[in-house]
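J.: Please read through the structure below; I'll follow up with questions.
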Amino acid sequence: MTVAEQPRIHRTAPRRRIRIEPFNWPGLVAVVLILLLWQLPTWLGIQTLQYLSSPVAIIAAFFELITTGALLPALAHTLTAVVVAWAISVVVGVTFGAILGNSRSLATYTLASIEVLRALPTIAFVPVAMLLFGFSIDAAIVLAVFGTVWPVIVNTAAGTAGIHPRLREVARSMRLSRWAFMWKIVLPAAAPQILVAARLGMAVAMILVIITEMVGIPYGLGYAVVRSQESLRADWMWAYVFTIGLVGVILNALIVYGMKALLPGARLGGKR
Amino acid sequence: MTAPVQAGSLRHRRTALGVRRRRRSAGELSPLGLIPLAVLFVLWQLMGDPRSIPFPPPSTWGVALGLLLERGVLGGLISTTAMTFLVGLLIAVAVGIVVGIAIGSNRILDQATSPIFEFLRILPGPIIVPVAIILFGIGPAVNIGIVAFAAVWPVVFNTTTSLRTMSRTRREVARTLNISGVAWFRKFLLPSIVPGIAIGIRVAAPIALVVTLSVEFITGSGGIGSELLLRQRQYDSASVYGLILVVGAIALIVNAVLLGLERLFLRGWGIGGAR
């Protein structure tokens, strides 16, 4: 099976890469323009908003924070919490989702509960996580898993339940084992929906970790932003905020790239 | 208007041919599915220790909420939070639709704004709170502005996308029939973007609620979020769970209202459940 699949993967991969969009020049121009507009008042010596640091000052603050060793531990704390929580959610969520998607009776008796839990704004549980775990990274991780795992379960269940009946017949006529059926047919068929959930899940995990750091545990980028704001170091605050944004962009790109490498044929769905 | 009608009937025909199974499992939920949650609550009530700090049994939540209601605090908390949330969401929707239409109908503008908007969309909503505080200070208007800023991106994105993916046939029909101005807006533009806007609002509403709560967490400016954190610091966990219940009820109500509105609107436009 693997030998037969190999050439197909190689054939599809380059074809996808050719379809890369042309470079977005208007986007680059707009970014440069905005940065210039932002920097201009400082160069001209005009006072605008007091705490709107200029881009040059923010970049300086960024390198200052790196050299003083303030940025990297905060970044490590946030990244660890986000990635660990996301990985746990995806593994647990896909496993349970696949089980639910293949068992009608189990789905009937659980899905409504999951929908209720999913609809709750997990952020309201920040105080509970604090009561349970105090000022530790566990509070952030557990909270992020609690917020991320439900959408992954629901999407995986919907994806696996919705695979075409003919695929089940194919599996039966090929006498695939239950495990092989799951691994070779169900998961690839449900992949697009799982991927969408995984991408969303990363964003949700990030939000929950950051807010826990901002409100509760005194570590990480979220705490660093709040502390810089309170001590009126706007330049530090902006540097931390942009770091958070960059981390989000990079993690998102890694997931999309990883998924494309893993499943060259899968459509990644909307960018929602 | 022929295209959407066809799409609708096609969907129905497909359902009749036997994809019904999938529809039911994805759409309607059996109320039997609430059993695990109910069992959990009953067990929690029966086996929970009323003096437990992390896990007080459900009956104590009711008592704590009753106390808040008696002291006349609960109504004020809910209205403060609901106000920030609703006004913020409304502004986000209004601004999002206008910006979305503007960007979606101009290719260069779309390309020019996409990197910046992409960055802002990925930025976690709560991080805007300290930035807004240091720039604009604290106050109800700032809170609303923060919520609107965080919730506007899904509306913009989905409006733009639905315009971009508007079928060529539909554009050409409009040109062939020589329809322009108000009629074009009402008969071609709106039916094309309303489903996208509906999805955008559905995505934006939970974000708005999350950011409303985080604003209240961080600024302590009143509302359910501030009270939640205050109660946690006093180890009054029964009130914490009671307030979470209130937040959950708000979230479920918002979800149900939006779902109802969406169905109403989409049916009014003759689009059915098109996604």
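Following the order of the structure tokens, chains are lettered A, B, ..., residues in each are numbered from 1, and ligands are numbered from 1.
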Contacts of A:Ala144 at 10 Å or less, counting only C-alpha atoms, minus same-chain residues fewer than 4 places along, as a VMD selection string?

T.: chain A and resid 81 to 86 88 to 89 122 to 123 126 138 to 140 148 to 149 201 to 202 204 to 210 212

J.: With a cut-off of 7 Å and counting only C-alpha atoms, select all residues of chain A in contact with chain B and give the selection as an mmCIF file with N, CA, C and O atoms, in the first residue's frame.

T.:
data_model
loop_
_atom_site.group_PDB
_atom_site.id
_atom_site.type_symbol
_atom_site.label_atom_id
_atom_site.label_comp_id
_atom_site.auth_asym_id
_atom_site.auth_seq_id
_atom_site.Cartn_x
_atom_site.Cartn_y
_atom_site.Cartn_z
ATOM 1 N N ASN A 24 3.014 39.433 -3.253
ATOM 2 C CA ASN A 24 2.018 40.464 -2.978
ATOM 3 C C ASN A 24 2.701 41.828 -2.815
ATOM 4 O O ASN A 24 2.972 42.283 -1.712
ATOM 5 N N PRO A 26 1.545 44.998 -3.581
ATOM 6 C CA PRO A 26 0.750 46.040 -2.904
ATOM 7 C C PRO A 26 0.756 45.874 -1.391
ATOM 8 O O PRO A 26 0.806 46.864 -0.646
ATOM 9 N N GLY A 27 0.759 44.620 -0.925
ATOM 10 C CA GLY A 27 0.778 44.367 0.513
ATOM 11 C C GLY A 27 2.059 44.898 1.137
ATOM 12 O O GLY A 27 2.030 45.563 2.169
ATOM 13 N N ALA A 30 2.039 48.652 1.245
ATOM 14 C CA ALA A 30 1.152 49.160 2.295
ATOM 15 C C ALA A 30 1.819 49.056 3.667
ATOM 16 O O ALA A 30 1.759 49.993 4.467
ATOM 17 N N VAL A 31 2.486 47.925 3.918
ATOM 18 C CA VAL A 31 3.149 47.747 5.218
ATOM 19 C C VAL A 31 4.231 48.807 5.406
ATOM 20 O O VAL A 31 4.307 49.470 6.449
ATOM 21 N N LEU A 49 0.185 60.505 20.096
ATOM 22 C CA LEU A 49 -0.210 59.830 21.333
ATOM 23 C C LEU A 49 1.055 59.561 22.148
ATOM 24 O O LEU A 49 2.065 59.116 21.614
ATOM 25 N N TYR A 51 2.052 57.352 24.298
ATOM 26 C CA TYR A 51 2.643 56.020 24.455
ATOM 27 C C TYR A 51 2.648 55.206 23.173
ATOM 28 O O TYR A 51 2.767 53.996 23.206
ATOM 29 N N LEU A 52 2.486 55.894 22.041
ATOM 30 C CA LEU A 52 2.593 55.203 20.764
ATOM 31 C C LEU A 52 4.054 55.241 20.332
ATOM 32 O O LEU A 52 4.486 56.138 19.624
ATOM 33 N N THR A 108 -24.818 9.730 19.984
ATOM 34 C CA THR A 108 -26.140 10.171 20.453
ATOM 35 C C THR A 108 -26.093 10.518 21.926
ATOM 36 O O THR A 108 -26.710 11.490 22.359
ATOM 37 N N TYR A 109 -25.356 9.713 22.686
ATOM 38 C CA TYR A 109 -25.372 9.907 24.133
ATOM 39 C C TYR A 109 -24.308 10.866 24.656
ATOM 40 O O TYR A 109 -24.165 11.011 25.865
ATOM 41 N N THR A 110 -23.516 11.469 23.766
ATOM 42 C CA THR A 110 -22.503 12.393 24.292
ATOM 43 C C THR A 110 -22.454 13.743 23.569
ATOM 44 O O THR A 110 -22.115 14.746 24.187
ATOM 45 N N LEU A 111 -22.786 13.779 22.270
ATOM 46 C CA LEU A 111 -22.493 14.986 21.491
ATOM 47 C C LEU A 111 -23.145 16.243 22.065
ATOM 48 O O LEU A 111 -22.549 17.311 22.065
ATOM 49 N N ALA A 112 -24.379 16.111 22.568
ATOM 50 C CA ALA A 112 -25.054 17.306 23.089
ATOM 51 C C ALA A 112 -24.298 17.885 24.278
ATOM 52 O O ALA A 112 -24.154 19.106 24.409
ATOM 53 N N SER A 113 -23.781 16.999 25.144
ATOM 54 C CA SER A 113 -22.983 17.481 26.284
ATOM 55 C C SER A 113 -21.759 18.237 25.795
ATOM 56 O O SER A 113 -21.406 19.295 26.323
ATOM 57 N N ALA A 119 -19.783 25.499 23.856
ATOM 58 C CA ALA A 119 -20.369 26.829 23.724
ATOM 59 C C ALA A 119 -19.953 27.744 24.874
ATOM 60 O O ALA A 119 -20.027 28.958 24.751
ATOM 61 N N LEU A 120 -19.519 27.143 26.012
ATOM 62 C CA LEU A 120 -19.112 27.977 27.145
ATOM 63 C C LEU A 120 -17.846 28.750 26.782
ATOM 64 O O LEU A 120 -16.931 28.182 26.194
ATOM 65 N N PRO A 121 -17.781 30.024 27.127
ATOM 66 C CA PRO A 121 -16.526 30.742 26.921
ATOM 67 C C PRO A 121 -15.505 30.272 27.958
ATOM 68 O O PRO A 121 -15.662 30.532 29.152
ATOM 69 N N ILE A 123 -12.768 31.180 28.735
ATOM 70 C CA ILE A 123 -12.064 32.240 29.461
ATOM 71 C C ILE A 123 -12.678 32.469 30.841
ATOM 72 O O ILE A 123 -11.995 32.870 31.780
ATOM 73 N N ALA A 124 -13.971 32.161 30.984
ATOM 74 C CA ALA A 124 -14.628 32.333 32.283
ATOM 75 C C ALA A 124 -14.061 31.364 33.318
ATOM 76 O O ALA A 124 -14.245 31.554 34.517
ATOM 77 N N PRO A 127 -10.541 31.856 36.529
ATOM 78 C CA PRO A 127 -10.485 31.835 38.004
ATOM 79 C C PRO A 127 -10.487 30.416 38.578
ATOM 80 O O PRO A 127 -9.815 30.165 39.581
ATOM 81 N N VAL A 128 -11.221 29.494 37.936
ATOM 82 C CA VAL A 128 -11.237 28.112 38.430
ATOM 83 C C VAL A 128 -9.856 27.489 38.279
ATOM 84 O O VAL A 128 -9.348 26.830 39.201
ATOM 85 N N LEU A 131 -7.763 28.721 40.997
ATOM 86 C CA LEU A 131 -8.085 28.075 42.273
ATOM 87 C C LEU A 131 -7.458 26.692 42.340
ATOM 88 O O LEU A 131 -6.984 26.248 43.385
ATOM 89 N N LEU A 132 -7.470 25.990 41.189
ATOM 90 C CA LEU A 132 -6.986 24.616 41.168
ATOM 91 C C LEU A 132 -5.476 24.521 41.187
ATOM 92 O O LEU A 132 -4.909 23.721 41.929
ATOM 93 N N ALA A 158 -17.559 14.950 13.084
ATOM 94 C CA ALA A 158 -18.346 15.291 11.898
ATOM 95 C C ALA A 158 -17.641 14.803 10.633
ATOM 96 O O ALA A 158 -18.263 14.254 9.730
ATOM 97 N N ALA A 161 -17.822 10.905 10.496
ATOM 98 C CA ALA A 161 -19.178 10.412 10.268
ATOM 99 C C ALA A 161 -19.615 10.725 8.849
ATOM 100 O O ALA A 161 -20.455 10.021 8.279
ATOM 101 N N GLY A 162 -19.045 11.780 8.275
ATOM 102 C CA GLY A 162 -19.517 12.223 6.971
ATOM 103 C C GLY A 162 -18.794 11.598 5.793
ATOM 104 O O GLY A 162 -19.024 12.007 4.660
ATOM 105 N N MET A 206 -3.634 29.757 22.170
ATOM 106 C CA MET A 206 -2.806 30.960 22.325
ATOM 107 C C MET A 206 -3.553 32.003 23.160
ATOM 108 O O MET A 206 -3.001 32.567 24.111
ATOM 109 N N ILE A 207 -4.818 32.261 22.792
ATOM 110 C CA ILE A 207 -5.609 33.257 23.526
ATOM 111 C C ILE A 207 -5.689 32.877 25.001
ATOM 112 O O ILE A 207 -5.489 33.709 25.888
ATOM 113 N N ILE A 211 -4.170 35.018 28.116
ATOM 114 C CA ILE A 211 -5.047 35.660 29.105
ATOM 115 C C ILE A 211 -4.756 35.132 30.507
ATOM 116 O O ILE A 211 -4.774 35.885 31.482
ATOM 117 N N VAL A 215 -3.755 37.623 33.565
ATOM 118 C CA VAL A 215 -4.594 37.777 34.748
ATOM 119 C C VAL A 215 -4.004 37.070 35.955
ATOM 120 O O VAL A 215 -4.087 37.562 37.081
ATOM 121 N N VAL A 226 1.469 43.066 30.272
ATOM 122 C CA VAL A 226 0.749 43.783 31.323
ATOM 123 C C VAL A 226 1.720 44.546 32.229
ATOM 124 O O VAL A 226 1.492 45.704 32.586
ATOM 125 N N GLN A 229 3.053 47.583 30.530
ATOM 126 C CA GLN A 229 2.030 48.625 30.466
ATOM 127 C C GLN A 229 1.916 49.317 31.818
ATOM 128 O O GLN A 229 1.844 50.548 31.893
ATOM 129 N N GLY A 245 2.289 38.502 18.200
ATOM 130 C CA GLY A 245 1.722 38.414 16.853
ATOM 131 C C GLY A 245 2.574 37.547 15.939
ATOM 132 O O GLY A 245 2.060 36.683 15.224
ATOM 133 N N GLY A 248 2.194 33.928 16.686
ATOM 134 C CA GLY A 248 0.942 33.452 16.109
ATOM 135 C C GLY A 248 1.084 33.176 14.621
ATOM 136 O O GLY A 248 0.687 32.117 14.131
ATOM 137 N N VAL A 249 1.685 34.122 13.903
ATOM 138 C CA VAL A 249 1.838 33.958 12.453
ATOM 139 C C VAL A 249 2.695 32.737 12.152
ATOM 140 O O VAL A 249 2.358 31.914 11.289
#

J.: As a PyMOL selection string, list the residues of stretch 105-270 of chain A assigned to helix (DSSP H, G or I) by DSSP on the backbone atoms of this structure.

T.: chain A and resi 105-119+122-133+137-161+165-173+178-215+220-230+234-262

J.: Can you tell me, as an mmCIF file with N, CA, C and O atoms, in the first residue's frame, what residues are no more than 12 Å from B:Thr84 when counting only C-alpha atoms, ignoring any on the same chain fewer than 3 positions away?

T.:
data_model
loop_
_atom_site.group_PDB
_atom_site.id
_atom_site.type_symbol
_atom_site.label_atom_id
_atom_site.label_comp_id
_atom_site.auth_asym_id
_atom_site.auth_seq_id
_atom_site.Cartn_x
_atom_site.Cartn_y
_atom_site.Cartn_z
ATOM 1 N N LEU B 77 -24.290 43.558 37.202
ATOM 2 C CA LEU B 77 -23.165 42.838 36.582
ATOM 3 C C LEU B 77 -23.530 42.401 35.170
ATOM 4 O O LEU B 77 -22.785 42.628 34.218
ATOM 5 N N ILE B 78 -24.717 41.789 35.057
ATOM 6 C CA ILE B 78 -25.122 41.268 33.755
ATOM 7 C C ILE B 78 -25.303 42.407 32.759
ATOM 8 O O ILE B 78 -24.837 42.324 31.623
ATOM 9 N N SER B 79 -25.937 43.509 33.199
ATOM 10 C CA SER B 79 -26.198 44.577 32.224
ATOM 11 C C SER B 79 -24.896 45.255 31.797
ATOM 12 O O SER B 79 -24.740 45.601 30.628
ATOM 13 N N THR B 80 -23.927 45.411 32.732
ATOM 14 C CA THR B 80 -22.640 45.994 32.338
ATOM 15 C C THR B 80 -21.968 45.142 31.263
ATOM 16 O O THR B 80 -21.550 45.642 30.214
ATOM 17 N N THR B 81 -21.891 43.833 31.538
ATOM 18 C CA THR B 81 -21.238 42.944 30.578
ATOM 19 C C THR B 81 -21.999 42.899 29.262
ATOM 20 O O THR B 81 -21.400 42.989 28.183
ATOM 21 N N VAL B 87 -22.867 46.343 22.293
ATOM 22 C CA VAL B 87 -22.487 47.538 21.534
ATOM 23 C C VAL B 87 -21.204 47.266 20.748
ATOM 24 O O VAL B 87 -21.103 47.609 19.564
ATOM 25 N N GLY B 88 -20.239 46.607 21.409
ATOM 26 C CA GLY B 88 -18.995 46.278 20.718
ATOM 27 C C GLY B 88 -19.239 45.421 19.490
ATOM 28 O O GLY B 88 -18.718 45.689 18.407
ATOM 29 N N LEU B 89 -20.096 44.404 19.647
ATOM 30 C CA LEU B 89 -20.373 43.496 18.530
ATOM 31 C C LEU B 89 -21.091 44.239 17.403
ATOM 32 O O LEU B 89 -20.762 44.067 16.221
ATOM 33 N N LEU B 90 -22.054 45.088 17.762
ATOM 34 C CA LEU B 90 -22.803 45.832 16.734
ATOM 35 C C LEU B 90 -21.865 46.723 15.923
ATOM 36 O O LEU B 90 -21.937 46.754 14.691
ATOM 37 N N ILE B 91 -20.978 47.438 16.639
ATOM 38 C CA ILE B 91 -20.031 48.297 15.917
ATOM 39 C C ILE B 91 -19.152 47.445 15.006
ATOM 40 O O ILE B 91 -18.930 47.780 13.840
ATOM 41 N N ALA B 92 -18.682 46.303 15.544
ATOM 42 C CA ALA B 92 -17.811 45.431 14.749
ATOM 43 C C ALA B 92 -18.527 44.982 13.478
ATOM 44 O O ALA B 92 -17.940 44.971 12.389
ATOM 45 N N GLY B 139 -12.133 53.305 30.545
ATOM 46 C CA GLY B 139 -13.491 53.852 30.491
ATOM 47 C C GLY B 139 -14.387 52.954 29.671
ATOM 48 O O GLY B 139 -13.890 52.115 28.919
ATOM 49 N N PRO B 140 -15.697 53.096 29.811
ATOM 50 C CA PRO B 140 -16.625 52.224 29.100
ATOM 51 C C PRO B 140 -16.448 52.311 27.583
ATOM 52 O O PRO B 140 -16.519 51.301 26.888
ATOM 53 N N ALA B 141 -16.170 53.522 27.071
ATOM 54 C CA ALA B 141 -16.017 53.676 25.628
ATOM 55 C C ALA B 141 -14.795 52.904 25.137
ATOM 56 O O ALA B 141 -14.829 52.263 24.078
ATOM 57 N N VAL B 142 -13.715 52.970 25.928
ATOM 58 C CA VAL B 142 -12.500 52.224 25.542
ATOM 59 C C VAL B 142 -12.805 50.725 25.532
ATOM 60 O O VAL B 142 -12.412 49.997 24.617
ATOM 61 N N ASN B 143 -13.535 50.253 26.565
ATOM 62 C CA ASN B 143 -13.881 48.836 26.621
ATOM 63 C C ASN B 143 -14.638 48.409 25.362
ATOM 64 O O ASN B 143 -14.342 47.373 24.753
ATOM 65 N N ILE B 144 -15.636 49.225 24.988
ATOM 66 C CA ILE B 144 -16.429 48.901 23.804
ATOM 67 C C ILE B 144 -15.551 48.903 22.564
ATOM 68 O O ILE B 144 -15.643 48.014 21.712
ATOM 69 N N GLY B 145 -14.666 49.902 22.481
ATOM 70 C CA GLY B 145 -13.769 49.988 21.329
ATOM 71 C C GLY B 145 -12.881 48.748 21.216
ATOM 72 O O GLY B 145 -12.680 48.218 20.117
ATOM 73 N N ILE B 146 -12.372 48.265 22.350
ATOM 74 C CA ILE B 146 -11.514 47.077 22.343
ATOM 75 C C ILE B 146 -12.296 45.871 21.799
ATOM 76 O O ILE B 146 -11.815 45.129 20.940
ATOM 77 N N VAL B 147 -13.525 45.699 22.305
ATOM 78 C CA VAL B 147 -14.343 44.568 21.860
ATOM 79 C C VAL B 147 -14.608 44.672 20.362
ATOM 80 O O VAL B 147 -14.461 43.687 19.621
ATOM 81 N N ALA B 148 -14.960 45.880 19.907
ATOM 82 C CA ALA B 148 -15.247 46.059 18.477
ATOM 83 C C ALA B 148 -14.010 45.753 17.638
ATOM 84 O O ALA B 148 -14.088 45.065 16.619
ATOM 85 N N ALA B 208 -16.177 38.390 20.667
ATOM 86 C CA ALA B 208 -16.593 39.593 21.396
ATOM 87 C C ALA B 208 -16.839 39.271 22.863
ATOM 88 O O ALA B 208 -16.440 40.034 23.751
ATOM 89 N N LEU B 209 -17.466 38.125 23.121
ATOM 90 C CA LEU B 209 -17.756 37.757 24.516
ATOM 91 C C LEU B 209 -16.459 37.500 25.291
ATOM 92 O O LEU B 209 -16.275 37.965 26.423
ATOM 93 N N VAL B 210 -15.533 36.774 24.651
ATOM 94 C CA VAL B 210 -14.244 36.480 25.289
ATOM 95 C C VAL B 210 -13.497 37.767 25.615
ATOM 96 O O VAL B 210 -12.970 37.947 26.716
ATOM 97 N N VAL B 211 -13.477 38.685 24.655
ATOM 98 C CA VAL B 211 -12.731 39.924 24.869
ATOM 99 C C VAL B 211 -13.428 40.809 25.899
ATOM 100 O O VAL B 211 -12.772 41.459 26.711
ATOM 101 N N THR B 212 -14.777 40.799 25.894
ATOM 102 C CA THR B 212 -15.501 41.542 26.936
ATOM 103 C C THR B 212 -15.071 41.064 28.313
ATOM 104 O O THR B 212 -14.743 41.864 29.200
ATOM 105 N N LEU B 213 -15.046 39.731 28.482
ATOM 106 C CA LEU B 213 -14.656 39.183 29.786
ATOM 107 C C LEU B 213 -13.210 39.534 30.115
ATOM 108 O O LEU B 213 -12.893 39.894 31.257
ATOM 109 N N SER B 214 -12.318 39.475 29.106
ATOM 110 C CA SER B 214 -10.918 39.740 29.443
ATOM 111 C C SER B 214 -10.704 41.211 29.758
ATOM 112 O O SER B 214 -9.870 41.531 30.602
ATOM 113 N N VAL B 215 -11.450 42.102 29.083
ATOM 114 C CA VAL B 215 -11.360 43.519 29.450
ATOM 115 C C VAL B 215 -11.741 43.689 30.907
ATOM 116 O O VAL B 215 -11.072 44.389 31.678
ATOM 117 N N GLU B 216 -12.817 43.028 31.302
ATOM 118 C CA GLU B 216 -13.283 43.167 32.685
ATOM 119 C C GLU B 216 -12.314 42.524 33.676
ATOM 120 O O GLU B 216 -12.112 43.033 34.778
ATOM 121 N N SER B 221 -13.111 46.856 35.658
ATOM 122 C CA SER B 221 -14.038 47.975 35.465
ATOM 123 C C SER B 221 -15.493 47.557 35.629
ATOM 124 O O SER B 221 -16.366 48.113 34.994
ATOM 125 N N GLY B 222 -15.743 46.576 36.464
ATOM 126 C CA GLY B 222 -17.127 46.156 36.682
ATOM 127 C C GLY B 222 -17.539 45.068 35.718
ATOM 128 O O GLY B 222 -16.785 44.684 34.832
ATOM 129 N N GLY B 223 -18.750 44.536 35.915
ATOM 130 C CA GLY B 223 -19.221 43.469 35.055
ATOM 131 C C GLY B 223 -18.869 42.098 35.609
ATOM 132 O O GLY B 223 -18.183 41.973 36.631
ATOM 133 N N ILE B 224 -19.346 41.069 34.914
ATOM 134 C CA ILE B 224 -19.183 39.708 35.417
ATOM 135 C C ILE B 224 -17.706 39.324 35.528
ATOM 136 O O ILE B 224 -17.292 38.665 36.482
ATOM 137 N N GLY B 225 -16.902 39.749 34.557
ATOM 138 C CA GLY B 225 -15.484 39.382 34.557
ATOM 139 C C GLY B 225 -14.766 39.873 35.804
ATOM 140 O O GLY B 225 -14.040 39.116 36.459
#

J.: Which residues are close to B:Leu190, i.e. within 12 Å by only C-alpha atoms, leaving aside same-chain residues fewer than 2 positions away? Reply as a list in words.

T.: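 Residues meeting the cut-off are Met1, Ile97, Ile101, Thr159, Ser162, Leu163, Met166, Val182, Ala183, Trp184, Phe185, Arg186, Lys187, Phe188, Ser192, Ile193, Val194, Pro195, Gly196, Ile197, Ala198, Phe265, Leu266, Gly268, Trp269, Gly270 and Ile271 of chain B.
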
J.: Could you take the residues named above and write them with N, CA, C and O atoms, as a tab-separated table (two decimals), in the first residue's frame?

T.:
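Saved to part.tsv:
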chain	number	residue	atom	x	y	z
B	1	MET	N	-31.24	35.44	-9.81
B	1	MET	CA	-31.70	34.73	-8.62
B	1	MET	C	-31.88	33.24	-8.86
B	1	MET	O	-32.33	32.53	-7.99
B	97	ILE	N	-18.81	45.11	7.83
B	97	ILE	CA	-19.50	44.97	6.54
B	97	ILE	C	-19.03	46.05	5.57
B	97	ILE	O	-18.70	45.76	4.42
B	101	ILE	N	-16.94	45.20	2.24
B	101	ILE	CA	-17.41	45.49	0.89
B	101	ILE	C	-16.38	46.33	0.15
B	101	ILE	O	-16.05	46.06	-1.01
B	159	THR	N	-16.96	38.82	4.74
B	159	THR	CA	-17.60	39.66	3.73
B	159	THR	C	-16.73	39.72	2.48
B	159	THR	O	-17.21	39.53	1.35
B	162	SER	N	-16.75	36.39	0.57
B	162	SER	CA	-17.97	36.08	-0.18
B	162	SER	C	-18.06	36.96	-1.42
B	162	SER	O	-18.60	36.53	-2.44
B	163	LEU	N	-17.53	38.18	-1.35
B	163	LEU	CA	-17.52	39.02	-2.55
B	163	LEU	C	-16.56	38.45	-3.58
B	163	LEU	O	-16.84	38.41	-4.77
B	166	MET	N	-17.92	35.45	-5.37
B	166	MET	CA	-19.20	35.63	-6.06
B	166	MET	C	-19.07	35.08	-7.47
B	166	MET	O	-18.11	35.38	-8.18
B	182	VAL	N	-29.26	50.78	-7.17
B	182	VAL	CA	-29.93	50.20	-6.01
B	182	VAL	C	-30.37	48.76	-6.29
B	182	VAL	O	-30.20	47.87	-5.45
B	183	ALA	N	-30.91	48.53	-7.47
B	183	ALA	CA	-31.41	47.19	-7.79
B	183	ALA	C	-30.26	46.19	-7.77
B	183	ALA	O	-30.39	45.07	-7.25
B	184	TRP	N	-29.09	46.60	-8.30
B	184	TRP	CA	-27.94	45.70	-8.29
B	184	TRP	C	-27.54	45.40	-6.85
B	184	TRP	O	-27.29	44.26	-6.48
B	185	PHE	N	-27.51	46.45	-6.03
B	185	PHE	CA	-27.13	46.29	-4.62
B	185	PHE	C	-28.07	45.31	-3.93
B	185	PHE	O	-27.65	44.40	-3.23
B	186	ARG	N	-29.39	45.48	-4.17
B	186	ARG	CA	-30.39	44.70	-3.44
B	186	ARG	C	-30.49	43.27	-3.99
B	186	ARG	O	-30.68	42.33	-3.25
B	187	LYS	N	-30.38	43.16	-5.32
B	187	LYS	CA	-30.67	41.86	-5.91
B	187	LYS	C	-29.43	41.02	-6.17
B	187	LYS	O	-29.52	39.82	-6.32
B	188	PHE	N	-28.27	41.66	-6.26
B	188	PHE	CA	-27.07	40.87	-6.56
B	188	PHE	C	-26.03	40.92	-5.45
B	188	PHE	O	-25.57	39.89	-4.99
B	192	SER	N	-25.42	37.89	-2.35
B	192	SER	CA	-24.13	37.21	-2.45
B	192	SER	C	-23.36	37.29	-1.14
B	192	SER	O	-22.59	36.37	-0.82
B	193	ILE	N	-23.51	38.38	-0.40
B	193	ILE	CA	-22.65	38.52	0.78
B	193	ILE	C	-23.36	38.20	2.08
B	193	ILE	O	-22.70	37.99	3.09
B	194	VAL	N	-24.70	38.15	2.08
B	194	VAL	CA	-25.40	37.90	3.35
B	194	VAL	C	-24.96	36.58	4.02
B	194	VAL	O	-24.70	36.57	5.22
B	195	PRO	N	-24.83	35.48	3.27
B	195	PRO	CA	-24.37	34.26	3.95
B	195	PRO	C	-22.99	34.43	4.58
B	195	PRO	O	-22.76	33.97	5.70
B	196	GLY	N	-22.10	35.10	3.88
B	196	GLY	CA	-20.75	35.33	4.42
B	196	GLY	C	-20.80	36.18	5.67
B	196	GLY	O	-20.12	35.91	6.66
B	197	ILE	N	-21.64	37.24	5.62
B	197	ILE	CA	-21.77	38.11	6.79
B	197	ILE	C	-22.31	37.30	7.97
B	197	ILE	O	-21.84	37.44	9.10
B	198	ALA	N	-23.30	36.44	7.69
B	198	ALA	CA	-23.89	35.63	8.77
B	198	ALA	C	-22.81	34.78	9.43
B	198	ALA	O	-22.72	34.71	10.66
B	265	PHE	N	-32.86	35.32	8.16
B	265	PHE	CA	-32.29	36.15	7.11
B	265	PHE	C	-32.08	35.36	5.83
B	265	PHE	O	-32.50	35.76	4.76
B	266	LEU	N	-31.45	34.21	5.98
B	266	LEU	CA	-31.12	33.44	4.80
B	266	LEU	C	-32.38	33.00	4.08
B	266	LEU	O	-32.45	32.99	2.86
B	268	GLY	N	-35.21	34.65	4.19
B	268	GLY	CA	-35.75	35.87	3.60
B	268	GLY	C	-35.09	36.20	2.27
B	268	GLY	O	-35.72	36.71	1.35
B	269	TRP	N	-33.80	35.86	2.14
B	269	TRP	CA	-33.09	36.14	0.90
B	269	TRP	C	-33.24	35.00	-0.09
B	269	TRP	O	-32.65	35.03	-1.16
B	270	GLY	N	-33.96	33.96	0.31
B	270	GLY	CA	-34.15	32.84	-0.60
B	270	GLY	C	-32.88	32.07	-0.84
B	270	GLY	O	-32.65	31.55	-1.92
B	271	ILE	N	-32.03	31.99	0.16
B	271	ILE	CA	-30.74	31.33	-0.04
B	271	ILE	C	-30.70	29.96	0.61
B	271	ILE	O	-29.86	29.14	0.30

J.: Could you tell me how far atom CA of A:Ser136 sits from atom CA of A:Leu71, in Å to one decimal place?

T.: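 Atom-to-atom, atom CA of A:Leu71 to atom CA of A:Ser136, that is 18.9 Å.
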
J.: Can you work out the spacing between atom CA of A:His77 and atom CA of A:Tyr219 in Å, to one decimal?

T.: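 A separation of 6.9 Å between them.
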
J.: Show which residues sit within 12 Å of A:Ala189, as an MDAnalysis selection string. Count only C-alpha atoms, and ignore same-chain residues fewer than 6 positions away.

T.: chainID A and resid 98 156:168 181:183 195 263 265:267

J.: What does the distance between atom CA of A:Met237 and atom CA of A:Ile58 come to in Å, to one decimal place?

T.: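 Separation of atom CA of A:Met237 and atom CA of A:Ile58: 8.6 Å.
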
J.: Residues within 12 Å of B:Gly66, please, as a VMD selection string. Count only C-alpha atoms; anything in the same chain fewer than 6 positions from it doesn't count.

T.: chain B and resid 59 to 60 72 to 75 238 to 239 242 to 243

J.: Kindly export the residues of the current selection with C-alpha atoms, as a PDB file, in the first residue's frame.

T.:
ATOM      1  CA  SER B  59     -26.336  23.541  45.062  1.00  0.00           C
ATOM      2  CA  THR B  60     -23.880  26.002  46.636  1.00  0.00           C
ATOM      3  CA  GLY B  72     -29.147  43.531  43.905  1.00  0.00           C
ATOM      4  CA  VAL B  73     -25.671  43.077  42.385  1.00  0.00           C
ATOM      5  CA  LEU B  74     -26.385  40.439  39.781  1.00  0.00           C
ATOM      6  CA  GLY B  75     -28.569  42.577  37.498  1.00  0.00           C
ATOM      7  CA  ALA B 238     -19.329  28.942  44.861  1.00  0.00           C
ATOM      8  CA  SER B 239     -19.864  32.442  43.463  1.00  0.00           C
ATOM      9  CA  GLY B 242     -22.428  30.563  39.812  1.00  0.00           C
ATOM     10  CA  LEU B 243     -21.109  33.408  37.666  1.00  0.00           C
TER      11      LEU B 243
END
